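Student: Dropping the structure in here first, questions after.
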Amino acid sequence: MKLFRHIVLGAAVLLTHLSSASAADAKLPVVASFSILGDIVANVGGDRIAVTTLVGPDQDAHVFQPAPDHIKSVARAKLVVINGLGFEGWMERVVQSANYRGDIVVASNGIAVRDRVSDEHDAHDGHEGHDHHHGKNDPHAWQNPANIVVYTRNIVAALSKLDPAGASVYQNNGDTYIAKLNELDRWATQQFAQFPDAKRKVITSHDAFEYFGAHYQVKFLAPQGVSTDSEPSAKEVANLIRQIRKEKIRAVFIENMSSPKLLQQISKEAGVSLGGKLYADALSQADGPAPTYLKLMRYNIEQLLAQMKLN
Amino acid sequence: MMLLHDFYQFAIAPFQEFAFMRRALVATLALALSSAPLGVMLTLRRMSLFGEALSHAVLPGVAAGFIFFGLSLPALSIGGFLAGVIVVALAGWISRHTELKEDASLAAVYVVALALGVIMISGHGTQLDLLHILFGNVLGVDTEGLLLVAGVSSLSVLLMAGLYRGLLLESFDPSYLAASGGRNTIYQQLFLMLVVLNLVASFQTLGTLMAVGLMMLPAVSARLWHDTLPAQLVNSTVQAAAAGYAGLMLSYYASVPSGPVIIVCAGGFYFLSLIFAPRGWLPRMLRRPHLRA
Amino acid sequence: MSVAISLENLTVTYRRHPALHHVSGHFAQGSLTAIVGPNGAGKSTLLKSIMGLVRCNSGRVVKHAAASRIAYLPQQAEIDRSFPISVLDCVLLGYWSKAGLFRRMSRDMVRRAEDSLAAVGLDGFAQRSIASLSVGQFQRVLFARILLQDAELILLDEPFSAIDTKTTNDLLHIIKSWHAEQRTVIAVLHDYDQVRRAFPQSLLLARNVVAWGETEAVLCHENLHRARSMAEAVDEHAPLCAVDAADVVDVAHAHGEGAAR
């Protein structure tokens with residue numbers, strides 16, 4: 001009897017030791033380029049990974065300056081996830097500096113890519129080391145939840161390839177998340193359906209919503225180009241005001257990073273009310289209204305709906 | 001009669017139809033009125049690059065305003081103004097108490113200020129381009145901005161008119177002023193504070209390019225026309241105002257960014273002055289018979 | 001006899017080497033004094049320390065005239081001649097002490113400015129810009145400005161350098177008339193003949209006072225020789241200055257006797 005108990009105890013101790021040892025296996029370090037991506041990756045990877053995000057909440061990827069800490073995270077990472085489509089012009093530099101040899105997943109692979117909208121743009125004045133490329137592609141694919149489904153699947157595939165042991169976990173997490181995305185999409189489509197085409201018009205200072213607009217058939221008009229610092233001409237501003245007056249749009253939004261003064265003036269002159277902030281390129285801080293992608297989309301859509309009612 | 005009416009339509013209509021055009025014009029004219037004369041004085045004192053330096057030197061003040069008060073424009077602009085004042089006062093103090101001249105000490109101090117500003121911003125953890133947020137655009141001038149520029153402009157013009165003789169003397173013959181018991185430092189510092197005030201108000205309402213450009217370019221151009229100071233002051237103001245109007249018209253009809261095209265117009269006047277002004281190229285090239293001795 | 005300026009053991013140094021040291025004495029009210037000496041003797045420095053433009057290392061200067069009644073003409077190189085100002089406006093600056101920022105230039109004042117211009121031989125130059133003047137003409141403008149200042153005490157730093165003889169004579173004439181008007185005039189000069197001809201008092205400097213008093217006595221052979229032997233270059237390995245307080249008193253005493261006449 002005594003021997004048996006000893007054996008059981010010993011086995012229990014051994015087992016605990018062994019399992020804690022394998023639990024002490026560090027979580028897979030994954031780097032995501034910006035906050036929205038970081039959220040998606042975290043949802044898919046769950047407890048098996050530790051996500052580091054380079055461009056954090058409320059930060060502007062267009063003027064991002066990599067710091068030594070960022071390079072360290074990339075050096076230690078087993079997987080790097082980027083949006084692609086020209087969004088992270090600085091990523092190549094970071095990867096090089098960090099001597100990173102692992103996989104880089106382009107989350108947007110496989111989506112239907114849109115061209116960038118504005119032709120005259122991009123008077124970049126004086127940003128030292130300002131480093132993003134303006135190719136033909138519009139990078140803001142994440143604004144369409146249907147695209148995020150593709151993102152999710154790409155991330156599931158990449159994580160599974162890197163960590164086959166966790167493939168089923170990733171698949172499950174991915175499926176759960178995709179279900180939530182689809183639910184969001186259904187809800188949004190339903191909500192927008194209550195407005196006739198003529199009322200589905202919005203003005204915002206950031207051209208980040210083309211994918212969103214195309215998917216939900218909402219027309220986004222903007223006074224400035226895609227980046228945060230191009231300079232409009234008087235004619236463009238005049239045309240915009242005339243158009244607003246003519247088409248009777250009432251919904252105007254300020255993107256959370258560019259200078260709001262110009263937009264305020266246009267809205268005042270055209271007799272338009274200002275809506276709240278729309279989150280285009282980044283999540284909000286944890287205590288803000290858009291700390292996760294799902295919350296971000298819901299918040300943006302609610303804001304849009306509220307203003308559209310006034311149209 | 002038709003022609004006059006058409007011309008009126010062309011020249012005035014944009015400002016009638018759109019409030020933002022009206023505000024842009026008034027702000028530009030106010031800026032022209034006070035900044036151009038200050039620019040003339042700056043070139044006379046060999047400080048033509050002062051505006052450039054100042055646009056960078058305001059950063060630590062703007063950063064401090066952001067750190068303590070968040071994205072509040074009044075906080076940012078007051079912070080920027082204080083930083084500019086401190087940089088200028090410090091450079092002035094250094095130049096008075098050592099062998100270093102004004103431009104050398106300013107060059108040193110503003111660079112340190114800029115670096116401090118960058119450290120403060122990154123230390124605070126955000127990557128916001130604060131200066132971009134603070135610096136405005138002529139098409140986006142709101143009522144507060146208009147009041148600010150108009151107020152600063154009026155104050156500057158009044159002060160310059162009142163202190164004219166002292167400022168002139170301090171620039172022209174400072175040892176005479178000192179010898180007569182005048183307080184040189186006061187005139188010099190007051191003048192520089194006025195420049196800082198005008199520049200910071202203009203950065204905020206109209207952006208750096210327009211602020212510095214309209215201050216310096218017409219001033220340099222005016223010197224090619226006249227050899228007395230009052231004439232140069234008036235000429236520079238007129239050129240600045242004309243450039244502002246012409247630029248806004250071009251921006252409206254030809255769809256080019258407004259700030260830069262205003263400066264291009266000022267540059268155009270400068271180029272014409274280089275060729276046609278009394279001190280320019282053409283009068284020198286034309287060999288006219290000389291007068292009797 | 002009243003005193004216009006007293007110097008008390010004045011020392012001015014540049015990085016511990018003396019430009020002037022242990023200078024003591026006084027300028028009598030209404031005197032006409034030339035300051036002479038070899039290059040680097042501290043003549044300009046002396047005028048600048050009297051004006052307070054240069055800080056003294058030890059000792060002090062006491063001026064018995066109000067700042068508004070003192071006129072100072074620095075060496076011309078220090079003024080920016082490309083400044084866009086007319087001759088008349090430049091001369092009118094002579095009224096700065098009286099008119100300040102706000103008092104308007106009355107017709108009377110303008111007329112007197114034009115008279116000063118005529119007095120220095122620049123009749124008709126009123127509207128010219130100073131940039132168009134020759135060195136001699138500009139110097140005359142500065143003299144005209146001083147005429148307007150109506151100063152009690154006039155300090156001139158090398159007023160005749162790089163000017164032609166005619167202008168020099170004209171300006172000397174004006175200086176003489178100032179002397180006749182009981183104004184105290186002090187001028188830094190190089191031409192010893194000129195000094196002997198036109199200046200009753202002289203101060204011979206060679207970083208410290210060599211001689212101070214009547215020109216005849218000061219500019220004697222022996223003194224000039226002593227002054228010349230002052231080294232122009234600075235001695236990097238000079239020991240601490242060993243001038244005695246007693247020596248200083250001696251020099252002052254000698255000067256006092258000379259000026260009493």
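Just remember, in the structure tokens the first chain shown is A, the second B, etc., residues are 1-based per chain, and ligands are 1-based in the order shown.
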Counting only C-alpha atoms, which residues from chain B have an atom at most 9 Å from any atom of chain C, and could you show them as number ranges by chain?

Tutor: B: 44, 162-166, 169, 171-182, 223, 226-230, 232

Student: Set the distance at 9 Å and use only C-alpha atoms: which residues neighbour range 183-188 of chain C once local chain neighbours fewer than 5 positions away are removed? I'd like the list as an MDAnalysis selection string.

Tutor: chainID C and resid 4 27:37 43:44 47 151:159 175 178

Student: Wanna dump the chain A-chain B contacts at 7 Å for me, each residue with its shortest atom pair and the distance in Å to one decimal, counting only C-alpha atoms, ordered by chain and number, as a Markdown table?

Tutor:
| residue | atom | partner | partner_atom | distance |
| --- | --- | --- | --- | --- |
| A:Gln59 | CA | B:Gln127 | CA | 6.0 |
| A:Asp60 | CA | B:Leu128 | CA | 6.7 |
| A:Phe64 | CA | B:Gln127 | CA | 6.6 |
| A:Glu231 | CA | B:Pro257 | CA | 5.8 |
| A:Pro232 | CA | B:Pro257 | CA | 5.2 |
| A:Ser233 | CA | B:Pro257 | CA | 3.9 |
| A:Ala234 | CA | B:Tyr252 | CA | 4.5 |
| A:Lys235 | CA | B:Tyr252 | CA | 4.2 |
| A:Glu236 | CA | B:Ser255 | CA | 6.5 |
| A:Ser258 | CA | B:Ile133 | CA | 7.0 |
| A:Ser259 | CA | B:Ile133 | CA | 5.2 |
| A:Lys261 | CA | B:Gly140 | CA | 5.5 |
| A:Leu262 | CA | B:Gly140 | CA | 3.9 |
| A:Gln265 | CA | B:Gly140 | CA | 5.8 |
| A:Glu269 | CA | B:Ala19 | CA | 6.5 |

Student: So that I can check the surroundings of range 204-221 of chain A, please list as an mmCIF file with N, CA and C atoms, in the first residue's frame every protein, DNA and RNA residue that reaches within 7 Å of it, counting only C-alpha atoms and ignoring chain neighbours fewer than 6 positions away.

Tutor:
data_model
loop_
_atom_site.group_PDB
_atom_site.id
_atom_site.type_symbol
_atom_site.label_atom_id
_atom_site.label_comp_id
_atom_site.auth_asym_id
_atom_site.auth_seq_id
_atom_site.Cartn_x
_atom_site.Cartn_y
_atom_site.Cartn_z
ATOM 1 N N HIS A 140 -5.957 50.360 -47.561
ATOM 2 C CA HIS A 140 -6.884 50.302 -46.428
ATOM 3 C C HIS A 140 -7.918 49.192 -46.515
ATOM 4 N N ALA A 141 -7.456 48.003 -46.921
ATOM 5 C CA ALA A 141 -8.383 46.904 -47.171
ATOM 6 C C ALA A 141 -9.135 46.464 -45.924
ATOM 7 N N GLN A 143 -10.853 47.953 -43.886
ATOM 8 C CA GLN A 143 -12.122 48.605 -43.597
ATOM 9 C C GLN A 143 -13.319 47.805 -44.121
ATOM 10 N N ASN A 144 -13.068 46.801 -44.889
ATOM 11 C CA ASN A 144 -14.146 45.922 -45.346
ATOM 12 C C ASN A 144 -14.040 44.605 -44.592
ATOM 13 N N THR A 189 -24.859 45.624 -43.145
ATOM 14 C CA THR A 189 -25.613 45.689 -44.398
ATOM 15 C C THR A 189 -27.075 46.017 -44.132
ATOM 16 N N VAL A 252 -20.415 64.921 -41.941
ATOM 17 C CA VAL A 252 -18.990 65.243 -42.103
ATOM 18 C C VAL A 252 -18.219 64.668 -40.924
ATOM 19 N N PHE A 253 -17.114 63.962 -41.208
ATOM 20 C CA PHE A 253 -16.331 63.353 -40.142
ATOM 21 C C PHE A 253 -14.875 63.789 -40.201
ATOM 22 N N ILE A 254 -14.254 63.806 -39.051
ATOM 23 C CA ILE A 254 -12.836 64.118 -39.001
ATOM 24 C C ILE A 254 -12.081 62.862 -38.642
ATOM 25 N N GLU A 255 -11.122 62.509 -39.456
ATOM 26 C CA GLU A 255 -10.308 61.343 -39.160
ATOM 27 C C GLU A 255 -9.409 61.670 -37.983
ATOM 28 N N LEU A 263 -11.181 71.079 -42.466
ATOM 29 C CA LEU A 263 -12.475 70.406 -42.555
ATOM 30 C C LEU A 263 -13.556 71.182 -41.826
ATOM 31 N N ALA A 280 -9.730 55.266 -38.691
ATOM 32 C CA ALA A 280 -9.398 54.781 -40.030
ATOM 33 C C ALA A 280 -8.217 53.833 -40.044
#

Student: Which of these residues is nearest to Leu240 in chain A, using only C-alpha atoms: A:Ala286, A:Ile266, A:Ala112, A:Ala77?

Tutor: A:Ile266

Student: With distances taken over only C-alpha atoms, which of A:His70, A:Arg153, A:Lys309, A:Arg76 is nearest to Ile111 in chain A?

Tutor: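 Of A:His70, A:Arg153, A:Lys309, A:Arg76, the one nearest Ile111 in chain A is A:Arg153, counting only C-alpha atoms.
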
Student: What is the distance between CA of Gly136 in chain C and CA of Tyr95 in chain C, in Å to one decimal?

Tutor: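 CA of Tyr95 in chain C lies at a distance of 22.5 Å from CA of Gly136 in chain C.
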
Student: Enumerate the residues of range 96-256 of chain C with a DSSP assignment of strand (DSSP E), computed from the backbone, and present them as number ranges by chain.

Tutor: C: 153-157, 184-188, 201-206, 208-214

Student: At what distance in Å, to one decimal, does CA of Arg46 in chain B lie from CA of Ala162 in chain C?

Tutor: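 Distance between the two atoms: 26.7 Å.
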
Student: Counting only C-alpha atoms, what is within 9 Å of Leu159 in chain A, bar same-chain residues fewer than 4 positions away, as a ChimeraX atom specification?

Tutor: /A:44-45,79,154-155,163-164,166-167,170

Student: At a cut-off of 10 Å, using only C-alpha atoms, what residues contact Asp191 in chain C? Leave out same-chain residues fewer than 3 positions from it and give the result as a list in words.

Tutor: Val36, Phe160, Ser161, Val188, Gln194, Val195 and Arg196 of chain C
